[in-house]
Amino acid sequence: MDETSERTRVLRAADALFYAHGIQAVGMDRIRDAAGISLKRLYRCFPSKEDLVEAYLRTRDQWARGALAEYVAPYAPHDRLLAVFDWLHLWCSGRSGSPFHGCAFIHAYGELGAGSERVGGAVRDHKEG
């Protein structure tokens with residue numbers, strides 16, 4: 001298995017676990033188990049938990065922006081603003097296919113933002129973008 005696919009598996013596992021349970025509640029061993037790779041390989045992909053948390057937030061940001069853009073694309077330009085609210089309603093109601101646990105960025109900042117400039121930066125980039 002190459003490092004890119006391992007990295008993707010780790011990010012998917014971290015996304016599911018961090019979003020459902022919180023960042024501080026989830027240890028690297030749990031992510032390792034969910035990703036199905038060794039701890040050594042996990043730390044090769046992400047040398048620290050802070051590296052992993054920042055990558056998780058940046059990946060989630062890309063997903064959210066991409067999913068929203070894809071959802072509103074078929075609408076006429078003057079209808080896209082209302083379509084944003086439709087998309088948010090689907091997502092927040094859990095009808096988008098994934099459970100809604102609130103804003104991952106606000107949760108991350110609440111847990112780590114004041115103590116981690118990198119996490120705080122990823123959150124600010126998302127909120128300002």
# chains A, B, ... in the order shown; residues from 1 in each chain; ligands from 1
$ closest_atom_pairs --of "segment 1-54 of chain A" --to "segment 105-125 of chain A" --cutoff "12 Å" --atoms "only C-alpha atoms" --output "JSON lines"
{"residue": "A:Asp15", "atom": "CA", "partner": "A:Ala108", "partner_atom": "CA", "distance": 11.6}
{"residue": "A:Phe18", "atom": "CA", "partner": "A:Ala108", "partner_atom": "CA", "distance": 8.8}
{"residue": "A:Tyr19", "atom": "CA", "partner": "A:His107", "partner_atom": "CA", "distance": 8.5}
{"residue": "A:Ala20", "atom": "CA", "partner": "A:His107", "partner_atom": "CA", "distance": 10.7}
{"residue": "A:His21", "atom": "CA", "partner": "A:His107", "partner_atom": "CA", "distance": 10.3}
{"residue": "A:Gly22", "atom": "CA", "partner": "A:His107", "partner_atom": "CA", "distance": 7.4}
{"residue": "A:Ile23", "atom": "CA", "partner": "A:Ala108", "partner_atom": "CA", "distance": 6.9}
{"residue": "A:Gln24", "atom": "CA", "partner": "A:Glu111", "partner_atom": "CA", "distance": 7.1}
{"residue": "A:Ala25", "atom": "CA", "partner": "A:Glu111", "partner_atom": "CA", "distance": 10.1}
{"residue": "A:Lys49", "atom": "CA", "partner": "A:Val119", "partner_atom": "CA", "distance": 10.8}
{"residue": "A:Glu50", "atom": "CA", "partner": "A:Val119", "partner_atom": "CA", "distance": 7.4}
{"residue": "A:Asp51", "atom": "CA", "partner": "A:Arg118", "partner_atom": "CA", "distance": 8.4}
{"residue": "A:Leu52", "atom": "CA", "partner": "A:Val119", "partner_atom": "CA", "distance": 10.0}
{"residue": "A:Val53", "atom": "CA", "partner": "A:Val119", "partner_atom": "CA", "distance": 7.1}
{"residue": "A:Glu54", "atom": "CA", "partner": "A:Val119", "partner_atom": "CA", "distance": 5.5}
$ write_last_selection --atoms "C-alpha atoms" --output "PDB file, in the first residue's frame"
ATOM      1  CA  ASP A  15     -12.691  12.411  10.275  1.00  0.00           C
ATOM      2  CA  PHE A  18     -13.018  13.172  15.604  1.00  0.00           C
ATOM      3  CA  TYR A  19     -16.360  14.391  14.291  1.00  0.00           C
ATOM      4  CA  ALA A  20     -18.402  11.829  16.227  1.00  0.00           C
ATOM      5  CA  HIS A  21     -16.455  11.781  19.510  1.00  0.00           C
ATOM      6  CA  GLY A  22     -14.230  14.873  19.686  1.00  0.00           C
ATOM      7  CA  ILE A  23     -10.537  15.310  19.072  1.00  0.00           C
ATOM      8  CA  GLN A  24      -9.291  14.927  22.620  1.00  0.00           C
ATOM      9  CA  ALA A  25     -11.417  11.840  23.226  1.00  0.00           C
ATOM     10  CA  LYS A  49      -1.650  14.425  16.390  1.00  0.00           C
ATOM     11  CA  GLU A  50      -1.584  18.163  15.677  1.00  0.00           C
ATOM     12  CA  ASP A  51      -0.473  17.382  12.103  1.00  0.00           C
ATOM     13  CA  LEU A  52      -3.373  14.959  11.774  1.00  0.00           C
ATOM     14  CA  VAL A  53      -5.919  17.379  13.260  1.00  0.00           C
ATOM     15  CA  GLU A  54      -4.825  20.168  10.921  1.00  0.00           C
TER      16      GLU A  54
END
$ atom_distance --atom1 "atom CA of Pro74 of chain A" --atom2 "atom CA of Phe100 of chain A"
24.5 Å
$ atom_distance --atom1 "atom CA of Ile31 of chain A" --atom2 "atom CA of Tyr56 of chain A"
12.1 Å
$ select_by_dssp --residues "segment 2-78 of chain A" --states "alpha helix (DSSP H)" --output "ChimeraX atom specification"
/A:3-21,28-35,39-45,49-72
$ atom_distance --atom1 "atom CA of Asp33 of chain A" --atom2 "atom CA of Ala13 of chain A"
8.8 Å
